[in-house]
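Asker: See start-v8.cif below, with mmCIF, C-alpha atoms.
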data_my_file
#
loop_
_atom_site.label_atom_id
_atom_site.label_comp_id
_atom_site.auth_asym_id
_atom_site.auth_seq_id
_atom_site.Cartn_x
_atom_site.Cartn_y
_atom_site.Cartn_z
CA MET A 1 -10.09 16.20 -13.58
CA ASN A 2 -6.93 18.28 -13.15
CA THR A 3 -3.50 16.76 -12.66
CA SER A 4 -1.52 17.40 -9.46
CA LEU A 5 1.72 15.61 -10.34
CA ILE A 6 3.43 14.64 -13.59
CA ILE A 7 6.54 12.43 -13.64
CA GLU A 8 8.30 11.86 -16.94
CA ASN A 9 11.24 9.50 -17.57
CA LEU A 10 12.62 9.73 -14.01
CA LYS A 11 16.02 8.06 -13.66
CA LYS A 12 18.10 7.61 -10.54
CA GLN A 13 21.21 5.56 -9.80
CA TYR A 14 23.44 4.85 -6.84
CA SER A 15 27.10 4.05 -7.55
CA GLY A 16 26.26 3.02 -11.09
CA ASN A 17 23.28 0.89 -10.03
CA GLU A 18 20.16 2.18 -11.82
CA VAL A 19 17.36 2.17 -9.26
CA LEU A 20 14.83 4.06 -11.39
CA LYS A 21 15.05 3.34 -15.12
CA GLY A 22 12.88 6.09 -16.56
CA ILE A 23 9.52 5.83 -14.81
CA SER A 24 6.58 7.99 -15.85
CA PHE A 25 3.18 8.47 -14.23
CA GLN A 26 0.59 11.11 -13.35
CA VAL A 27 -1.49 11.66 -10.24
CA LYS A 28 -4.90 13.30 -10.50
CA GLU A 29 -6.07 16.09 -8.25
CA GLY A 30 -8.03 14.79 -5.27
CA GLU A 31 -7.07 11.12 -5.57
CA ILE A 32 -5.26 8.76 -3.23
CA PHE A 33 -2.42 7.19 -5.18
CA SER A 34 -0.32 4.33 -3.75
CA LEU A 35 3.20 3.49 -4.87
CA LEU A 36 3.97 -0.17 -4.15
CA GLY A 37 6.88 -2.54 -4.52
CA ILE A 38 8.98 -5.02 -2.58
CA ASN A 39 11.79 -3.70 -0.37
CA GLY A 40 14.41 -2.02 -2.53
CA ALA A 41 12.08 -1.49 -5.48
CA GLY A 42 12.58 2.29 -5.34
CA LYS A 43 9.41 3.56 -3.65
CA THR A 44 11.09 5.82 -1.11
CA THR A 45 13.69 6.94 -3.67
CA THR A 46 10.88 7.97 -6.02
CA LEU A 47 9.12 9.97 -3.32
CA GLU A 48 12.34 11.63 -2.17
CA CYS A 49 13.16 12.68 -5.74
CA ILE A 50 9.69 14.19 -6.12
CA GLU A 51 9.92 15.91 -2.73
CA GLY A 52 13.26 17.48 -3.62
CA LEU A 53 15.16 15.55 -0.95
CA ARG A 54 17.22 13.57 -3.44
CA SER A 55 18.82 14.48 -6.76
CA PHE A 56 18.19 12.48 -9.94
CA GLU A 57 20.07 12.01 -13.19
CA GLU A 58 17.31 12.46 -15.72
CA GLY A 59 13.63 13.23 -16.06
CA LYS A 60 11.00 15.85 -15.33
CA ILE A 61 8.93 16.40 -12.19
CA ASP A 62 5.98 18.80 -12.38
CA ILE A 63 4.29 19.47 -9.02
CA ARG A 64 1.14 21.55 -9.28
CA GLY A 65 0.48 22.82 -5.77
CA SER A 66 1.98 23.13 -2.31
CA ILE A 67 3.18 19.95 -0.62
CA GLY A 68 3.31 18.39 2.84
CA ILE A 69 5.60 15.48 3.63
CA GLN A 70 5.53 12.67 6.18
CA LEU A 71 8.81 10.82 5.79
CA GLN A 72 9.28 7.12 6.51
CA SER A 73 12.20 7.96 8.76
CA SER A 74 12.62 11.38 10.37
CA SER A 75 13.29 12.90 13.77
CA LEU A 76 13.09 16.06 15.84
CA PRO A 77 15.31 17.33 18.68
CA GLU A 78 15.05 14.88 21.58
CA ASN A 79 13.96 17.42 24.16
CA ILE A 80 11.37 19.32 22.12
CA LYS A 81 7.83 18.85 23.39
CA VAL A 82 4.94 17.85 21.15
CA LYS A 83 3.16 21.20 21.53
CA GLU A 84 6.41 23.09 20.98
CA ALA A 85 7.00 21.19 17.73
CA LEU A 86 3.50 22.00 16.51
CA LEU A 87 3.87 25.71 17.34
CA LEU A 88 7.33 25.83 15.76
CA PHE A 89 6.11 24.36 12.46
CA ALA A 90 3.05 26.60 12.48
CA LYS A 91 5.25 29.67 12.94
CA TRP A 92 7.69 28.48 10.28
CA LYS A 93 4.86 27.94 7.77
CA LYS A 94 2.94 31.02 8.95
CA ALA A 95 -0.13 28.86 9.40
CA SER A 96 -2.62 27.81 12.07
CA ILE A 97 -2.84 24.42 13.77
CA ASP A 98 -5.90 22.20 13.51
CA TRP A 99 -6.22 21.49 17.22
CA GLY A 100 -9.24 19.30 16.56
CA LEU A 101 -7.06 17.03 14.45
CA THR A 102 -4.38 16.85 17.13
CA GLU A 103 -7.02 15.80 19.63
CA ARG A 104 -8.53 13.17 17.30
CA LEU A 105 -5.07 11.68 16.73
CA GLY A 106 -4.31 11.56 20.46
CA LEU A 107 -1.66 14.30 20.53
CA LYS A 108 -3.42 16.61 22.97
CA GLU A 109 -2.94 14.19 25.85
CA ILE A 110 0.80 13.97 25.16
CA GLU A 111 1.42 17.61 24.16
CA ASN A 112 3.85 18.12 27.09
CA LYS A 113 5.85 14.96 26.40
CA GLN A 114 9.34 15.32 24.98
CA TYR A 115 10.02 13.83 21.56
CA ARG A 116 12.38 11.19 22.98
CA GLN A 117 9.57 9.92 25.22
CA LEU A 118 7.17 9.20 22.36
CA SER A 119 6.33 5.72 21.09
CA THR A 120 6.71 4.86 17.41
CA GLY A 121 2.98 5.29 16.87
CA GLN A 122 2.95 8.67 18.62
CA THR A 123 5.83 9.98 16.49
CA ARG A 124 4.02 8.82 13.33
CA ARG A 125 0.88 10.72 14.32
CA LEU A 126 2.91 13.82 15.22
CA HIS A 127 4.77 13.75 11.90
CA LEU A 128 1.48 13.46 10.02
CA VAL A 129 0.05 16.54 11.74
CA LEU A 130 3.28 18.46 11.11
CA SER A 131 3.12 17.52 7.42
CA ILE A 132 -0.30 19.07 6.90
CA ILE A 133 0.21 22.31 8.80
CA GLY A 134 -0.21 25.03 6.22
CA ASN A 135 -3.01 23.23 4.38
CA PRO A 136 -0.93 21.72 1.52
CA ASP A 137 -2.54 20.67 -1.75
CA ILE A 138 -0.50 17.47 -2.11
CA ILE A 139 0.44 15.25 0.84
CA PHE A 140 3.16 12.58 0.70
CA LEU A 141 2.80 9.74 3.21
CA ASP A 142 5.61 7.17 3.37
CA GLU A 143 4.30 4.17 5.36
CA PRO A 144 1.87 6.41 7.30
CA THR A 145 0.54 3.76 9.70
CA ALA A 146 3.79 1.93 10.49
CA GLY A 147 3.94 1.33 14.24
CA LEU A 148 0.32 2.29 14.90
CA ASP A 149 -2.09 0.11 16.84
CA VAL A 150 -5.47 -0.89 15.40
CA GLU A 151 -7.27 2.13 16.88
CA GLY A 152 -4.58 4.52 15.68
CA ARG A 153 -4.66 3.06 12.17
CA SER A 154 -8.43 3.34 12.00
CA GLU A 155 -8.37 6.99 13.12
CA LEU A 156 -5.60 7.83 10.68
CA HIS A 157 -7.51 6.19 7.82
CA LYS A 158 -10.50 8.39 8.67
CA GLU A 159 -8.31 11.47 8.51
CA ILE A 160 -6.81 10.44 5.18
CA ARG A 161 -10.31 9.97 3.73
CA ALA A 162 -11.35 13.33 5.19
CA MET A 163 -8.37 15.01 3.48
CA LYS A 164 -9.38 13.42 0.20
CA SER A 165 -12.95 14.69 0.64
CA GLN A 166 -11.47 18.19 1.00
CA GLY A 167 -9.87 17.81 -2.43
CA LYS A 168 -6.37 16.97 -1.23
CA THR A 169 -4.13 14.77 -3.35
CA ILE A 170 -2.47 12.02 -1.32
CA ILE A 171 0.49 9.99 -2.52
CA MET A 172 1.46 7.15 -0.23
CA THR A 173 3.52 4.01 0.12
CA SER A 174 2.44 1.06 2.23
CA HIS A 175 3.21 -2.61 2.77
CA ASP A 176 -0.32 -3.17 4.07
CA MET A 177 -2.45 -4.45 1.18
CA ALA A 178 -5.68 -4.04 3.16
CA GLU A 179 -4.78 -0.40 3.73
CA VAL A 180 -3.96 0.08 0.04
CA GLU A 181 -7.19 -1.58 -1.08
CA GLY A 182 -9.31 0.37 1.40
CA LEU A 183 -7.86 3.81 0.66
CA SER A 184 -6.41 3.98 -2.84
CA ASP A 185 -8.12 5.21 -5.98
CA ARG A 186 -5.20 3.95 -8.07
CA LEU A 187 -1.86 2.26 -7.49
CA ALA A 188 1.42 1.67 -9.26
CA ILE A 189 3.78 -1.26 -8.70
CA LEU A 190 7.52 -0.72 -9.08
CA LYS A 191 9.69 -3.63 -10.15
CA ASN A 192 13.32 -3.63 -11.25
CA GLY A 193 13.31 0.14 -11.68
CA ASN A 194 10.21 0.23 -13.88
CA ILE A 195 6.47 0.54 -13.35
CA ALA A 196 5.14 -2.98 -13.84
CA PHE A 197 1.47 -2.11 -13.22
CA MET A 198 -0.69 1.02 -13.07
CA GLY A 199 -4.40 1.06 -12.33
CA THR A 200 -7.03 0.36 -9.68
CA SER A 201 -6.95 -2.52 -7.23
CA GLU A 202 -9.94 -3.97 -9.07
CA GLU A 203 -8.00 -3.85 -12.32
CA LEU A 204 -5.05 -5.56 -10.63
CA THR A 205 -7.10 -8.47 -9.38
CA GLY A 206 -9.24 -8.27 -12.52
CA LYS A 207 -6.18 -9.14 -14.58
CA GLU A 208 -6.42 -12.52 -12.90
CA LYS A 209 -10.20 -12.65 -12.66
CA GLU A 210 -10.25 -16.11 -14.23
CA ASN A 211 -7.72 -17.30 -11.67
CA TYR A 212 -9.41 -19.16 -8.82
CA LYS A 213 -8.23 -21.14 -5.85
CA LEU A 214 -10.11 -24.31 -4.98
CA HIS A 215 -9.71 -25.59 -1.42
CA ILE A 216 -10.73 -29.26 -1.37
CA LYS A 217 -11.06 -31.43 1.75
CA SER A 218 -11.56 -35.10 0.92
CA LYS A 219 -11.03 -38.57 2.42
CA VAL A 220 -8.28 -39.20 -0.14
CA PRO A 221 -6.04 -36.25 -1.18
CA LEU A 222 -6.83 -35.44 -4.82
CA SER A 223 -3.30 -34.12 -5.31
CA ILE A 224 -2.14 -37.68 -6.03
CA PHE A 225 -4.05 -37.62 -9.34
CA GLN A 226 -3.08 -35.92 -12.60
CA LEU A 227 -5.46 -33.08 -13.45
CA HIS A 228 -5.66 -31.08 -16.69
CA HIS A 229 -7.58 -27.96 -15.60
CA CYS A 230 -6.22 -27.63 -12.07
CA SER A 231 -2.70 -27.33 -10.70
CA PHE A 232 -1.75 -28.34 -7.17
CA LYS A 233 -0.42 -25.43 -5.09
CA ALA A 234 -0.32 -26.37 -1.42
CA GLU A 235 -1.85 -28.25 1.48
CA HIS A 236 -3.21 -26.23 4.39
CA GLN A 237 -5.20 -27.30 7.46
CA GLY A 238 -6.43 -30.47 5.82
CA TYR A 239 -7.33 -28.81 2.51
CA ILE A 240 -5.63 -29.46 -0.81
CA ILE A 241 -5.35 -26.17 -2.69
CA PHE A 242 -5.57 -26.09 -6.47
CA GLU A 243 -5.47 -23.17 -8.89
CA THR A 244 -7.54 -23.09 -12.06
CA LEU A 245 -7.94 -20.62 -14.90
CA ASN A 246 -11.47 -21.85 -15.55
CA LEU A 247 -13.68 -22.30 -12.52
CA GLN A 248 -16.36 -24.33 -14.30
CA GLU A 249 -13.92 -26.75 -15.97
CA GLY A 250 -11.72 -27.04 -12.89
CA LEU A 251 -14.57 -27.74 -10.50
CA LEU A 252 -16.21 -30.18 -12.91
CA GLU A 253 -12.92 -32.06 -13.30
CA ILE A 254 -12.49 -32.46 -9.55
CA LEU A 255 -16.08 -33.55 -8.95
CA THR A 256 -15.94 -36.02 -11.87
CA LEU A 257 -12.67 -37.49 -10.59
CA ALA A 258 -14.04 -37.83 -7.07
CA LYS A 259 -17.12 -39.63 -8.40
CA GLU A 260 -15.09 -41.97 -10.61
CA LYS A 261 -12.69 -42.87 -7.79
CA GLU A 262 -15.49 -42.98 -5.21
CA ILE A 263 -13.73 -40.40 -3.06
CA GLU A 264 -15.89 -38.53 -0.56
CA ILE A 265 -15.47 -34.76 -0.69
CA GLU A 266 -16.06 -33.18 2.71
CA ASP A 267 -15.77 -29.51 1.84
CA ILE A 268 -15.04 -27.13 -1.04
CA LYS A 269 -14.03 -23.47 -0.76
CA ILE A 270 -13.59 -21.14 -3.75
CA GLU A 271 -11.46 -17.98 -3.62
CA HIS A 272 -10.72 -15.19 -6.07
CA LEU A 273 -7.23 -13.77 -6.37
CA SER A 274 -6.58 -11.29 -3.53
CA LEU A 275 -4.91 -7.90 -3.94
CA GLU A 276 -1.87 -9.24 -2.08
CA GLU A 277 -1.61 -12.20 -4.44
CA GLY A 278 -2.05 -9.94 -7.45
CA PHE A 279 0.69 -7.67 -6.11
CA LEU A 280 3.07 -10.56 -5.46
CA ASN A 281 2.41 -12.06 -8.89
CA ILE A 282 3.71 -8.83 -10.43
CA ALA A 283 6.23 -7.55 -7.87
CA LYS A 284 8.11 -10.65 -6.79
CA GLU A 285 11.42 -11.56 -8.36
CA VAL A 286 11.38 -14.44 -10.84
#
For this file, write the structure as structure tokens.
Answerer:
Amino acid sequence: MNTSLIIENLKKQYSGNEVLKGISFQVKEGEIFSLLGINGAGKTTTLECIEGLRSFEEGKIDIRGSIGIQLQSSSLPENIKVKEALLLFAKWKKASIDWGLTERLGLKEIENKQYRQLSTGQTRRLHLVLSIIGNPDIIFLDEPTAGLDVEGRSELHKEIRAMKSQGKTIIMTSHDMAEVEGLSDRLAILKNGNIAFMGTSEELTGKEKENYKLHIKSKVPLSIFQLHHCSFKAEHQGYIIFETLNLQEGLLEILTLAKEKEIEIEDIKIEHLSLEEGFLNIAKEV
């Protein structure tokens, strides 16, 4: 598979504070790649450096194809109408407009509305359509579904998958782990100016595949006892939550203890590590 984007040793600082400390990664042609991190980790800075909107001190950026950009924060003249904006961008890029896409994303019904009259969700949909006028090879989406309702998010996800099926490369940021898991082929997690993880969502949770959560509801809370294979984490809705690195040993220990102490267990739930938990385990400050 060909490569659409190569980043090598990218460094960026603000007033002496090094935000990016020499990050390197590649994005393959036709994949959806998510860049994650807590607020302030450098996601938007990274995208803006790649897009040419921000300068950087060191590094190499190799973009192999034309690009379209949906910024996290952008605006148009207050009085411009939706249809006028679409026609303006089409003329500027010397390209046609996919009117079917505008209709699917609900822009046709608001085409005569002025920009200042649009809701947050409507502006997000408009900016997405503007970003892909001209049929770019690589599309940058910074929090693409922020402000969208459930229906709008679902429709936008369909369009993102459709763009991928056409061979487009999509690079996105998102705080929505369900969105990341449902769309991304690979993801990278930024932490303290470095890439702390790179791989698939399965690989992220797979790193903790022996990490289980045991939700135990019992007549007597088992958290009062010392356990060797389980560690107490929380109490939630009548359940005591333990974590264990070995499901068989942890579960056996709890059941043995309950039998020895003659404690009735009312319910047991077993969970694997979620993508959100895997992300937080890596991305959160320690």
Asker: Please evaluate the PyMOL selection byres ((chain A and resi 128) around 10) against the displayed coordinates and give the resulting residues as a VMD selection string.
Answerer: chain A and resid 68 to 71 102 105 122 to 127 129 to 133 139 to 141 144 to 145 156
Asker: Could you name the residues that touch Met177 in chain A at 12 Å or less, counting only C-alpha atoms, but leaving out those on the same chain fewer than 4 positions away, as a PyMOL selection string?
Answerer: chain A and resi 34-37+143+173+181-184+187+201+274-280
Asker: Rounded to one decimal, what separation in Å do you get between CA of Leu247 in chain A and CA of Asn211 in chain A?
Answerer: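 CA of Asn211 in chain A lies at a distance of 7.8 Å from CA of Leu247 in chain A.
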Asker: Could you give me, as a PyMOL selection string, the residues within 12 Å of Lys261 in chain A, counting all atoms listed in the file and dropping anything in the same chain fewer than 4 positions from it?
Answerer: chain A and resi 218-222+224-225+254-257+265
Asker: Could you check how far CA of Gly106 in chain A sits from CA of Glu84 in chain A, in Å to one decimal?
Answerer: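 Taking CA of Gly106 in chain A as the start and CA of Glu84 in chain A as the end point, the length is 15.8 Å.
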Asker: Would you translate the PyMOL selection byres ((chain A and resi 234) around 12) into the concrete set of residues it matches in this file, as a PDB file with C-alpha atoms, in the frame of the given file?
Answerer:
ATOM      1  CA  LYS A 213      -8.230 -21.140  -5.850  1.00  0.00           C
ATOM      2  CA  LEU A 214     -10.110 -24.310  -4.980  1.00  0.00           C
ATOM      3  CA  HIS A 215      -9.710 -25.590  -1.420  1.00  0.00           C
ATOM      4  CA  ILE A 216     -10.730 -29.260  -1.370  1.00  0.00           C
ATOM      5  CA  PRO A 221      -6.040 -36.250  -1.180  1.00  0.00           C
ATOM      6  CA  LEU A 222      -6.830 -35.440  -4.820  1.00  0.00           C
ATOM      7  CA  SER A 223      -3.300 -34.120  -5.310  1.00  0.00           C
ATOM      8  CA  SER A 231      -2.700 -27.330 -10.700  1.00  0.00           C
ATOM      9  CA  PHE A 232      -1.750 -28.340  -7.170  1.00  0.00           C
ATOM     10  CA  LYS A 233      -0.420 -25.430  -5.090  1.00  0.00           C
ATOM     11  CA  GLU A 235      -1.850 -28.250   1.480  1.00  0.00           C
ATOM     12  CA  HIS A 236      -3.210 -26.230   4.390  1.00  0.00           C
ATOM     13  CA  GLN A 237      -5.200 -27.300   7.460  1.00  0.00           C
ATOM     14  CA  GLY A 238      -6.430 -30.470   5.820  1.00  0.00           C
ATOM     15  CA  TYR A 239      -7.330 -28.810   2.510  1.00  0.00           C
ATOM     16  CA  ILE A 240      -5.630 -29.460  -0.810  1.00  0.00           C
ATOM     17  CA  ILE A 241      -5.350 -26.170  -2.690  1.00  0.00           C
ATOM     18  CA  PHE A 242      -5.570 -26.090  -6.470  1.00  0.00           C
ATOM     19  CA  GLU A 243      -5.470 -23.170  -8.890  1.00  0.00           C
TER      20      GLU A 243
END
Asker: In Å, how far is it from CA of Asn194 in chain A to CA of Ser55 in chain A?
Answerer: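 Between these atoms lies a distance of 18.1 Å.
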Asker: Identify, on the basis of all atoms listed in the file, every residue whose closest approach to Met163 in chain A does not exceed 10 Å; exclude the query and any residue fewer than 4 positions from it along the same chain; express the result as a list of chain:residue names.
Answerer: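 The residues satisfying every condition are A:Gly30, A:Glu31, A:Ile32, A:Ile132, A:Asn135, A:Asp137, A:Ile138, A:Ile139, A:His157, A:Lys158, A:Glu159, A:Gly167, A:Lys168, A:Thr169, A:Ile170.
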Asker: For the structure shown, which residues end up in the PyMOL selection byres ((chain A and resi 115) around 8)? Put them as a ChimeraX atom specification, please?
Answerer: /A:76-82,113-114,116-118,123
Asker: Using only C-alpha atoms, which of A:Lys28, A:Lys12, A:His229, A:Lys43 sits nearest Lys60 in chain A?
Answerer: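 Comparing A:Lys28, A:Lys12, A:His229, A:Lys43 against Lys60 in chain A, the winner is A:Lys12.
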Asker: Go through A:Asn281, A:Gln72, A:Thr200, A:Ser15 one by one, measure the shortest atom-to-atom distance of each to Thr44 in chain A using only C-alpha atoms, and give the residue with the smallest value.
Answerer: A:Gln72
Asker: Please list as a ChimeraX atom specification every residue within 10 Å of Arg64 in chain A, counting all atoms listed in the file and excluding residues in the same chain fewer than 4 positions away.
Answerer: /A:2-6,29,137-138
Asker: Save the residues we just selected, C-alpha atoms, as a tab-separated table (two decimals), keeping the file's coordinate frame?
Answerer:
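So out.tsv came out as:
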chain	number	residue	atom	x	y	z
A	2	ASN	CA	-6.93	18.28	-13.15
A	3	THR	CA	-3.50	16.76	-12.66
A	4	SER	CA	-1.52	17.40	-9.46
A	5	LEU	CA	1.72	15.61	-10.34
A	6	ILE	CA	3.43	14.64	-13.59
A	29	GLU	CA	-6.07	16.09	-8.25
A	137	ASP	CA	-2.54	20.67	-1.75
A	138	ILE	CA	-0.50	17.47	-2.11
Asker: Counting all atoms listed in the file, which of A:Ala178, A:Ile160, A:Ile110, A:Leu86 gets nearest to Gly134 in chain A?
Answerer: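 Smallest separation from Gly134 in chain A among the options: A:Leu86.
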Asker: I need the residue nearest Pro136 in chain A from this list: A:Ile263, A:Ala95, A:Leu101, A:Leu107. Use all atoms listed in the file for the distance.
Answerer: A:Ala95
Asker: Report as lines of an AutoDock Vina configuration file the centre and the edge lengths, in Å to one decimal, of the axis-aligned box holding every listed atom of range 239-258 of chain A, padded by 6 Å on each side.
Answerer:
center_x = -10.9
center_y = -29.2
center_z = -6.7
size_x = 23.0
size_y = 29.2
size_z = 30.5
